[in-house]
2 protein chains.
Amino acid sequence: MDDIKDMVKKAEAYLESAGKLTEECLEKYIPSEKEPPSTLHSAMRYALFTGGKRLRPALAQAAYEFFGGKPSESIYLAMCALEMLHTFSLIHDDLPCMDDDDFRRGKLTTHKVYGDATAVLTGDALCVFAFELIARTGNITVVKELAHSLGTQGMIGGQIVDIESEEKSVDLATVDYIHYHKTAALIEASLVIGGLLADAKEEDLKHIREFGKGIGLVFQIVDDILDIESSTEELGKDVGSDVKNGKATYPAVLGLEASKQKVKELYNKALADLEKLSGKNSETLRNITALIIARTH
Amino acid sequence: MDDIKDMVKKAEAYLESAGKLTEECLEKYIPSEKEPPSTLHSAMRYALFTGGKRLRPALAQAAYEFFGGKPSESIYLAMCALEMLHTFSLIHDDLPCMDDDDFRRGKLTTHKVYGDATAVLTGDALCVFAFELIARTGNITVVKELAHSLGTQGMIGGQIVDIESEEKSVDLATVDYIHYHKTAALIEASLVIGGLLADAKEEDLKHIREFGKGIGLVFQIVDDILDIESSTEELGKDVGSDVKNGKATYPAVLGLEASKQKVKELYNKALADLEKLSGKNSETLRNITALIIARTH
């Protein structure tokens, strides 16, 4: 347990540093609020600079470093693109016609501050700007990986099934589908993109992809558990909102204890996936994995 | 005038053929409605297969052919991506929180058939899928060109200023800004992408870009004029809706006659831009230009 605490502490420091770097780069890449169209640039910045965990940029950087990538513009571009795409999905998810959430990361959601029309366009703008940044890496395989992870076979596919499953009795296969697509797909892509930019071998990319799928799923199950167990203050968003919205969650289908057991199983599988990677030091990736599961402890 | 009629007829035939090709390719690329998530694939298809003019794919193909490009998968991918991105913008534009339009191309808009949440996600899915297709061309410059044409300095920038200008007294500079960004940017990108995929020279790309800017602007001015002069039946969408929504249009700022005069000026400028292109036969591009302006005759 002390061991886990130490790993979490190290992961937190890594995420803080990766987050700071991401924010510095976003500051540089996103046009100033003074530049027209001001409202859009202002709303993009509002949505991005709200103290998120910056998990996806951190995972991309950790994978990049694991495979021997040296500090470079291309990984910074990818880190920013990933955070922008995550934020794009949150803005649209929070809209009144979707989950209708007023708070996110302890602040009013974008549509509550800027109105629904601007929120739709802010999400759109973050999405296309992310592709402009990722294209600047010059790596076409990275562009393909990213686009695929977001589409109907990825994140957006998960979002629609999530909405369609509200207030319905769903089975484990459906919850798995939603979690893998809505959450795990972009987390998986973050790691694979880090690997691609560092010229990782095909075989290693396969293993890091498996690892990403697993920690993406466990991240969402932990989120489900926290939605039930935490206070609003701790989480910075409306707690119990999954229950309120009749969302398809792991605890709703399996119960709380079995969900926690699933977290443990996935944790062990993630560590085993890391073992398969050729050589090098996977400490940071192991630490981040510990941080993801430790949120429920 | 007979000359113009003949050009328009040829342009119509070209657009019909390019449209048919685009639809055949879309049919191939977009997953079947049977494949999950079915709702999303169904809505994407509903929005795409509504008999639009397919102007952007046709322009991309015409530019590609002008610069000597031979039939290839890469131009088909680009044609489909352009149509998907145009459709993405229409779906979001029509949402109740945006322009709140019930009809488009003579059919119910996507949110009227599938609901607002699905319409938001259908637009998002078309946007990211377009980037997946364009990435499959293998040409990173094309990805950059496309992303830039859509962002805050392009189409989405135009959409936000358009919304912010509703019910306000705006000047010509603002209407120009809206029209150039909201409409001309993607039309310009269509032509430039056709050129890029055919390995056109830098100098030629500059001229085709200028040509695209001009016909993009004239296309929108003609649309403004038609919104006042045509019947709903002819246009397939709510006519007079610009006036109803207090939209910033050319006729609203300059008056109808001066707007028509502007169309003539831009027509002549477009033809002059084509003259600057090195060698080859610009007949198709000239015919499409005639078709764009002839809509008001």
# chains A, B, ... in the order shown; residues from 1 in each chain; ligands from 1
$ interface_residues --of "chain A" --to "chain B" --cutoff "7 Å" --atoms "only C-alpha atoms" --output "number ranges by chain"
A: 37, 97-98, 116-118, 121, 125, 128-129, 131-132, 135, 138, 140, 143-144, 147-148, 150-152, 156-157, 160-161
$ select_by_dssp --residues "segment 20-254 of chain B" --states "helix (DSSP H, G or I)" --output "PyMOL selection string"
chain B and resi 20-29+38-48+55-66+73-94+110-114+116-135+140-150+155-164+172-197+202-229+232-235+241-244+250-254
$ residues_around --residues "Gly216 of chain B" --least-positions-apart "5" --cutoff "10 Å" --atoms "only C-alpha atoms" --output "VMD selection string"
chain B and resid 179 to 188 210 to 211 221 266 289 292
$ write_last_selection --atoms "N, CA and C atoms" --output "mmCIF file, in the first residue's frame"
data_model
loop_
_atom_site.group_PDB
_atom_site.id
_atom_site.type_symbol
_atom_site.label_atom_id
_atom_site.label_comp_id
_atom_site.auth_asym_id
_atom_site.auth_seq_id
_atom_site.Cartn_x
_atom_site.Cartn_y
_atom_site.Cartn_z
ATOM 1 N N HIS B 179 -18.935 36.022 -45.266
ATOM 2 C CA HIS B 179 -19.035 35.271 -46.515
ATOM 3 C C HIS B 179 -17.717 34.599 -46.899
ATOM 4 N N TYR B 180 -16.610 35.349 -46.742
ATOM 5 C CA TYR B 180 -15.310 34.762 -47.077
ATOM 6 C C TYR B 180 -15.027 33.555 -46.200
ATOM 7 N N HIS B 181 -15.317 33.698 -44.894
ATOM 8 C CA HIS B 181 -14.956 32.619 -43.967
ATOM 9 C C HIS B 181 -15.967 31.478 -44.001
ATOM 10 N N LYS B 182 -17.247 31.818 -43.852
ATOM 11 C CA LYS B 182 -18.272 30.788 -43.721
ATOM 12 C C LYS B 182 -18.420 29.957 -45.004
ATOM 13 N N THR B 183 -18.324 30.600 -46.143
ATOM 14 C CA THR B 183 -18.581 29.901 -47.402
ATOM 15 C C THR B 183 -17.344 29.745 -48.289
ATOM 16 N N ALA B 184 -16.623 30.840 -48.490
ATOM 17 C CA ALA B 184 -15.546 30.800 -49.483
ATOM 18 C C ALA B 184 -14.373 29.927 -49.042
ATOM 19 N N ALA B 185 -14.096 29.887 -47.736
ATOM 20 C CA ALA B 185 -12.896 29.167 -47.260
ATOM 21 C C ALA B 185 -12.890 27.698 -47.706
ATOM 22 N N LEU B 186 -14.017 27.010 -47.565
ATOM 23 C CA LEU B 186 -14.038 25.583 -47.932
ATOM 24 C C LEU B 186 -14.069 25.387 -49.453
ATOM 25 N N ILE B 187 -14.680 26.337 -50.160
ATOM 26 C CA ILE B 187 -14.685 26.280 -51.629
ATOM 27 C C ILE B 187 -13.258 26.487 -52.152
ATOM 28 N N GLU B 188 -12.575 27.468 -51.569
ATOM 29 C CA GLU B 188 -11.171 27.716 -51.906
ATOM 30 C C GLU B 188 -10.330 26.462 -51.622
ATOM 31 N N GLU B 210 -6.828 32.186 -55.308
ATOM 32 C CA GLU B 210 -7.482 33.477 -55.565
ATOM 33 C C GLU B 210 -8.819 33.270 -56.280
ATOM 34 N N PHE B 211 -8.787 32.407 -57.276
ATOM 35 C CA PHE B 211 -9.994 32.069 -58.033
ATOM 36 C C PHE B 211 -11.061 31.505 -57.086
ATOM 37 N N ILE B 221 -23.042 35.450 -52.314
ATOM 38 C CA ILE B 221 -23.841 36.635 -52.661
ATOM 39 C C ILE B 221 -25.052 36.199 -53.495
ATOM 40 N N LEU B 266 -17.238 40.211 -59.766
ATOM 41 C CA LEU B 266 -16.516 39.032 -59.275
ATOM 42 C C LEU B 266 -16.409 37.955 -60.357
ATOM 43 N N THR B 289 -18.045 28.274 -63.004
ATOM 44 C CA THR B 289 -18.158 29.682 -62.604
ATOM 45 C C THR B 289 -19.418 30.294 -63.210
ATOM 46 N N ILE B 292 -22.432 29.143 -61.332
ATOM 47 C CA ILE B 292 -22.597 29.805 -60.024
ATOM 48 C C ILE B 292 -23.267 31.169 -60.192
#
$ residues_around --residues "Ile208 of chain B" --least-positions-apart "2" --cutoff "10 Å" --atoms "only C-alpha atoms" --output "list of chain:residue names"
B:Ala63, B:Glu188, B:Ala189, B:Leu191, B:Val192, B:Gly194, B:Gly195, B:Ala200, B:Glu203, B:Asp204, B:Leu205, B:Lys206, B:Glu210, B:Phe211, B:Gly212, B:Lys213, B:Gly214, B:Ala270, B:Asp273, B:Leu274, B:Lys276, B:Leu277
$ select_by_dssp --residues "segment 64-260 of chain A" --states "strand (DSSP E)" --output "list of chain:residue names"
A:Phe103, A:Arg104, A:Lys107, A:Leu108
